[in-house]
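What follows is a single structure, written as structure tokens, with notes after it.
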Amino acid sequence: PILTVTESYLYGCIAAARGDDRATVRQAFGPAMAKVGRIIEERAWTFSDDYMLRGVIRGLCGQKEEAIRDLAFAKKHVIEAATENKCSAAMALVYAWNGERDRAIDLIEEGLTKPMLLEPGDVTNLTLVDLKFGWQWDPLRSHPRFQKILASPEPKTIY
């Protein structure tokens with residue numbers, strides 16, 4: 001059941017948020033990673049959301065290349081622009097957690113001007129409130145460009 005993915009996904013997010021080492025984060029995400037992997041393998045077709053979830057998990061675990069591959073696949077197969085922007089936000093998250101802060105901020109700056117499907121508690125939500133208070137953006141906190149984004153008003157969405 002999806003609840004298994006959700007529980008272990010949350011445990012992994014907690015481990016990442018409190019700054020645990022990558023091995024501990026991978027272990028916490030383990031059941032979620034296994035479950036989403038099985039879902040992807042067992043379906044004759046897949047949702048881009050499945051690949052997006054696996055990409056975010058891999059990115060938070062330090063598996064940057066695998067995460068980027070999953071997110072590129074997800075982005076290629078999305079149906080609506082709002083979900084495409086969610087893939088870009090997930091990519092920004094992966095870059096932020098894997099030392100590519102400028103690339104992450106480039107995607108954030110672009111993403112803040114595009115429509116996005118927002119879901120409560122989703123680590124890929126991209127609003128100024130999420131950027132200011134979400135643990136997932138902690139790797140960017142000290143970057144001057146990120147601080148400038150946080151000090152600016154929310155940009156207008158371009159449809």
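Numbering starts fresh at 1 for the residues of each chain in the structure tokens, the chains themselves are lettered A, B, ... in the order given, and ligands are numbered from 1 as they appear.
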
Output as CSV one row per residue of stretch 16-82 of chain A within 10 Å of stretch 120-131 of chain A: the closest atom pair and its distance in Å to one decimal place, counting only C-alpha atoms, sorted by chain and residue number ascending.
```
residue,atom,partner,partner_atom,distance
A:Met52,CA,A:Thr124,CA,9.7
A:Leu53,CA,A:Thr124,CA,9.8
A:Val56,CA,A:Thr124,CA,8.6
```

Contacts of stretch 51-110 of chain A with stretch 15-24 of chain A up to 10 Å, shortest pair per row, only C-alpha atoms, as a tab-separated table:
```
residue	atom	partner	partner_atom	distance
A:Leu60	CA	A:Ala16	CA	6.9
A:Cys61	CA	A:Arg22	CA	5.7
A:Gly62	CA	A:Arg22	CA	6.7
A:Gln63	CA	A:Arg22	CA	9.7
A:Trp97	CA	A:Ala16	CA	9.5
```

Using N, CA, C and O atoms, can you write the selected residues to a file as a PDB file, in the first residue's frame?
```
ATOM      1  N   LEU A  60      18.081  13.075  -2.432  1.00  0.00           N
ATOM      2  CA  LEU A  60      18.328  13.297  -1.012  1.00  0.00           C
ATOM      3  C   LEU A  60      19.303  12.276  -0.441  1.00  0.00           C
ATOM      4  O   LEU A  60      19.944  12.529   0.576  1.00  0.00           O
ATOM      5  N   CYS A  61      19.417  11.136  -1.105  1.00  0.00           N
ATOM      6  CA  CYS A  61      20.368  10.097  -0.672  1.00  0.00           C
ATOM      7  C   CYS A  61      21.752  10.286  -1.279  1.00  0.00           C
ATOM      8  O   CYS A  61      22.657   9.506  -1.024  1.00  0.00           O
ATOM      9  N   GLY A  62      21.912  11.313  -2.116  1.00  0.00           N
ATOM     10  CA  GLY A  62      23.218  11.572  -2.714  1.00  0.00           C
ATOM     11  C   GLY A  62      23.461  10.856  -4.027  1.00  0.00           C
ATOM     12  O   GLY A  62      24.576  10.867  -4.538  1.00  0.00           O
ATOM     13  N   GLN A  63      22.435  10.258  -4.603  1.00  0.00           N
ATOM     14  CA  GLN A  63      22.570   9.545  -5.879  1.00  0.00           C
ATOM     15  C   GLN A  63      22.159  10.489  -7.016  1.00  0.00           C
ATOM     16  O   GLN A  63      21.143  10.295  -7.681  1.00  0.00           O
ATOM     17  N   TRP A  97      20.944  19.593  -2.930  1.00  0.00           N
ATOM     18  CA  TRP A  97      21.436  18.598  -1.968  1.00  0.00           C
ATOM     19  C   TRP A  97      22.704  17.898  -2.431  1.00  0.00           C
ATOM     20  O   TRP A  97      23.291  17.112  -1.689  1.00  0.00           O
TER      21      TRP A  97
END
```

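Rounded to one decimal, atom CA of A:Gly59 and atom CA of A:His77 lie 19.5 Å from each other.
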
Name the residues of stretch 2-128 of chain A that fall into alpha helix (DSSP H) according to DSSP on the backbone, using the chain letters and numbers of this document, as a ChimeraX atom specification.
/A:2-17,22-42,48-60,64-76,81-97,101-111,128

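Using only C-alpha atoms for every distance, the candidate list A:Ala81, A:Cys87, A:Ile149, A:Ile14 yields A:Ile149 as the residue closest to A:Asp106.
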
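If you look at atom CA of A:Ser142 and atom CA of A:Arg101, they are 10.2 Å away from each other.
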
By how many Å are atom CA of A:Tyr51 and atom CA of A:Ala74 apart?
5.5 Å

Please list as an mmCIF file with C-alpha atoms, in the first residue's frame every residue within 12 Å of A:Leu107, counting only C-alpha atoms and excluding residues in the same chain fewer than 2 positions away.
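See out-v1.cif below for the written result:
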```cif
data_model
loop_
_atom_site.group_PDB
_atom_site.id
_atom_site.type_symbol
_atom_site.label_atom_id
_atom_site.label_comp_id
_atom_site.auth_asym_id
_atom_site.auth_seq_id
_atom_site.Cartn_x
_atom_site.Cartn_y
_atom_site.Cartn_z
ATOM 1 C CA ASN A 85 7.440 22.806 -13.276
ATOM 2 C CA LYS A 86 7.193 20.375 -10.343
ATOM 3 C CA CYS A 87 9.836 18.242 -12.101
ATOM 4 C CA SER A 88 12.055 21.306 -12.411
ATOM 5 C CA ALA A 89 11.568 22.045 -8.713
ATOM 6 C CA ALA A 90 12.518 18.442 -7.903
ATOM 7 C CA MET A 91 15.622 18.861 -10.068
ATOM 8 C CA ALA A 92 16.485 22.066 -8.147
ATOM 9 C CA LEU A 93 16.170 20.081 -4.925
ATOM 10 C CA VAL A 94 18.527 17.392 -6.235
ATOM 11 C CA TYR A 95 21.089 19.992 -7.294
ATOM 12 C CA ALA A 96 20.814 21.791 -3.949
ATOM 13 C CA GLU A 100 25.288 22.368 -7.337
ATOM 14 C CA ARG A 101 23.770 25.401 -5.662
ATOM 15 C CA ASP A 102 23.959 27.772 -8.645
ATOM 16 C CA ARG A 103 22.139 25.290 -10.900
ATOM 17 C CA ALA A 104 19.509 24.820 -8.190
ATOM 18 C CA ILE A 105 18.989 28.564 -7.857
ATOM 19 C CA GLU A 109 14.335 31.604 -10.189
ATOM 20 C CA GLU A 110 12.708 30.278 -13.336
ATOM 21 C CA GLY A 111 10.236 28.077 -11.469
ATOM 22 C CA LEU A 112 8.897 30.849 -9.274
ATOM 23 C CA THR A 113 7.439 32.529 -12.368
ATOM 24 C CA LYS A 114 5.639 29.430 -13.700
ATOM 25 C CA THR A 124 8.881 20.084 -4.366
ATOM 26 C CA LEU A 126 8.090 26.108 -5.005
ATOM 27 C CA PHE A 146 19.162 32.503 -2.543
#
```

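For A:Pro31, the set of protein, DNA and RNA residues having any atom at most 12 Å away, when counting only C-alpha atoms and skipping those fewer than 4 positions along the same chain, is Pro1, Ile2, Leu3, Thr4, Val5, Thr6, Glu7, Ser8, Tyr9, Leu10, Tyr11, Gly12, Val25, Arg26, Gln27, Lys35, Val36, Gly37, Arg38, Arg54 and Ile57 of chain A.
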
Residues just named, written with N, CA and C atoms as an mmCIF file, in the first residue's frame:
```
data_model
loop_
_atom_site.group_PDB
_atom_site.id
_atom_site.type_symbol
_atom_site.label_atom_id
_atom_site.label_comp_id
_atom_site.auth_asym_id
_atom_site.auth_seq_id
_atom_site.Cartn_x
_atom_site.Cartn_y
_atom_site.Cartn_z
ATOM 1 N N PRO A 1 0.824 -1.206 0.000
ATOM 2 C CA PRO A 1 0.000 0.000 0.000
ATOM 3 C C PRO A 1 0.860 1.259 0.000
ATOM 4 N N ILE A 2 0.290 2.327 -0.508
ATOM 5 C CA ILE A 2 1.004 3.595 -0.605
ATOM 6 C C ILE A 2 1.429 4.112 0.764
ATOM 7 N N LEU A 3 0.704 3.741 1.830
ATOM 8 C CA LEU A 3 1.045 4.190 3.181
ATOM 9 C C LEU A 3 2.465 3.773 3.550
ATOM 10 N N THR A 4 2.895 2.594 3.104
ATOM 11 C CA THR A 4 4.252 2.136 3.382
ATOM 12 C C THR A 4 5.269 3.093 2.782
ATOM 13 N N VAL A 5 5.035 3.519 1.545
ATOM 14 C CA VAL A 5 5.929 4.469 0.905
ATOM 15 C C VAL A 5 5.909 5.779 1.690
ATOM 16 N N THR A 6 4.728 6.237 2.071
ATOM 17 C CA THR A 6 4.603 7.504 2.768
ATOM 18 C C THR A 6 5.336 7.493 4.101
ATOM 19 N N GLU A 7 5.143 6.451 4.910
ATOM 20 C CA GLU A 7 5.799 6.394 6.214
ATOM 21 C C GLU A 7 7.312 6.393 6.089
ATOM 22 N N SER A 8 7.849 5.526 5.265
ATOM 23 C CA SER A 8 9.305 5.463 5.149
ATOM 24 C C SER A 8 9.847 6.678 4.400
ATOM 25 N N TYR A 9 9.061 7.233 3.500
ATOM 26 C CA TYR A 9 9.464 8.472 2.838
ATOM 27 C C TYR A 9 9.611 9.579 3.879
ATOM 28 N N LEU A 10 8.662 9.664 4.784
ATOM 29 C CA LEU A 10 8.736 10.683 5.836
ATOM 30 C C LEU A 10 9.914 10.443 6.770
ATOM 31 N N TYR A 11 10.191 9.182 7.088
ATOM 32 C CA TYR A 11 11.361 8.885 7.925
ATOM 33 C C TYR A 11 12.645 9.345 7.220
ATOM 34 N N GLY A 12 12.706 9.112 5.913
ATOM 35 C CA GLY A 12 13.867 9.568 5.151
ATOM 36 C C GLY A 12 13.987 11.077 5.134
ATOM 37 N N VAL A 25 20.452 8.380 5.929
ATOM 38 C CA VAL A 25 19.342 8.855 5.096
ATOM 39 C C VAL A 25 18.916 7.755 4.129
ATOM 40 N N ARG A 26 19.885 7.100 3.484
ATOM 41 C CA ARG A 26 19.559 5.998 2.559
ATOM 42 C C ARG A 26 18.830 4.878 3.282
ATOM 43 N N GLN A 27 19.280 4.549 4.477
ATOM 44 C CA GLN A 27 18.630 3.487 5.249
ATOM 45 C C GLN A 27 17.189 3.880 5.592
ATOM 46 N N LYS A 35 9.778 0.191 -2.487
ATOM 47 C CA LYS A 35 8.370 0.179 -2.886
ATOM 48 C C LYS A 35 8.162 0.912 -4.205
ATOM 49 N N VAL A 36 8.704 2.104 -4.336
ATOM 50 C CA VAL A 36 8.510 2.850 -5.576
ATOM 51 C C VAL A 36 9.224 2.142 -6.731
ATOM 52 N N GLY A 37 10.347 1.498 -6.464
ATOM 53 C CA GLY A 37 11.032 0.720 -7.493
ATOM 54 C C GLY A 37 10.170 -0.434 -7.988
ATOM 55 N N ARG A 38 9.513 -1.122 -7.046
ATOM 56 C CA ARG A 38 8.609 -2.222 -7.426
ATOM 57 C C ARG A 38 7.417 -1.697 -8.228
ATOM 58 N N ARG A 54 10.911 8.816 -7.011
ATOM 59 C CA ARG A 54 12.179 8.097 -6.916
ATOM 60 C C ARG A 54 13.368 9.037 -7.127
ATOM 61 N N ILE A 57 13.935 10.992 -3.871
ATOM 62 C CA ILE A 57 14.555 10.114 -2.873
ATOM 63 C C ILE A 57 16.029 9.904 -3.201
#
```

The residue from A:Thr83, A:Pro115, A:Arg58, A:Val78 with the smallest atom-to-atom distance to A:Lys156, counting only C-alpha atoms, is A:Pro115

Which polymer residues have any atom within 10 Å of an atom of A:Lys76, counting only C-alpha atoms, with same-chain residues fewer than 5 positions away left out, as a PDB file with all heavy atoms, in the first residue's frame?
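The result, written out as result-v4.pdb:
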```
ATOM      1  N   SER A  48       4.521   9.744 -14.356  1.00  0.00           N
ATOM      2  CA  SER A  48       5.733  10.528 -14.163  1.00  0.00           C
ATOM      3  C   SER A  48       5.961  10.791 -12.677  1.00  0.00           C
ATOM      4  O   SER A  48       7.098  10.928 -12.230  1.00  0.00           O
ATOM      5  CB  SER A  48       5.666  11.837 -14.952  1.00  0.00           C
ATOM      6  OG  SER A  48       4.568  12.623 -14.539  1.00  0.00           O
ATOM      7  N   ASP A  70      15.994   9.940 -13.487  1.00  0.00           N
ATOM      8  CA  ASP A  70      14.571   9.746 -13.177  1.00  0.00           C
ATOM      9  C   ASP A  70      13.763  11.012 -13.444  1.00  0.00           C
ATOM     10  O   ASP A  70      12.669  10.955 -14.011  1.00  0.00           O
ATOM     11  CB  ASP A  70      14.389   9.344 -11.711  1.00  0.00           C
ATOM     12  CG  ASP A  70      14.686   7.880 -11.444  1.00  0.00           C
ATOM     13  OD1 ASP A  70      14.690   7.075 -12.393  1.00  0.00           O
ATOM     14  OD2 ASP A  70      14.902   7.534 -10.267  1.00  0.00           O
ATOM     15  N   LEU A  71      14.298  12.158 -13.031  1.00  0.00           N
ATOM     16  CA  LEU A  71      13.558  13.408 -13.194  1.00  0.00           C
ATOM     17  C   LEU A  71      13.477  13.834 -14.652  1.00  0.00           C
ATOM     18  O   LEU A  71      12.463  14.396 -15.081  1.00  0.00           O
ATOM     19  CB  LEU A  71      14.171  14.497 -12.321  1.00  0.00           C
ATOM     20  CG  LEU A  71      14.023  14.217 -10.819  1.00  0.00           C
ATOM     21  CD1 LEU A  71      14.875  15.180 -10.005  1.00  0.00           C
ATOM     22  CD2 LEU A  71      12.572  14.269 -10.386  1.00  0.00           C
ATOM     23  N   GLU A  84       5.203  19.763 -15.070  1.00  0.00           N
ATOM     24  CA  GLU A  84       6.545  19.946 -15.625  1.00  0.00           C
ATOM     25  C   GLU A  84       7.369  20.859 -14.710  1.00  0.00           C
ATOM     26  O   GLU A  84       8.538  20.604 -14.447  1.00  0.00           O
ATOM     27  CB  GLU A  84       6.465  20.541 -17.025  1.00  0.00           C
ATOM     28  CG  GLU A  84       7.818  20.712 -17.676  1.00  0.00           C
ATOM     29  CD  GLU A  84       7.735  21.277 -19.088  1.00  0.00           C
ATOM     30  OE1 GLU A  84       6.648  21.296 -19.671  1.00  0.00           O
ATOM     31  OE2 GLU A  84       8.782  21.703 -19.590  1.00  0.00           O
ATOM     32  N   CYS A  87       8.618  19.000 -11.767  1.00  0.00           N
ATOM     33  CA  CYS A  87       9.836  18.242 -12.101  1.00  0.00           C
ATOM     34  C   CYS A  87      11.064  19.146 -12.021  1.00  0.00           C
ATOM     35  O   CYS A  87      12.108  18.721 -11.521  1.00  0.00           O
ATOM     36  CB  CYS A  87       9.731  17.646 -13.501  1.00  0.00           C
ATOM     37  SG  CYS A  87       8.624  16.252 -13.654  1.00  0.00           S
TER      38      CYS A  87
END
```

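Counting only C-alpha atoms and comparing A:Lys132, A:Pro139, A:Glu42, A:Glu66, the residue that lies closest to A:Ala151 is A:Lys132.
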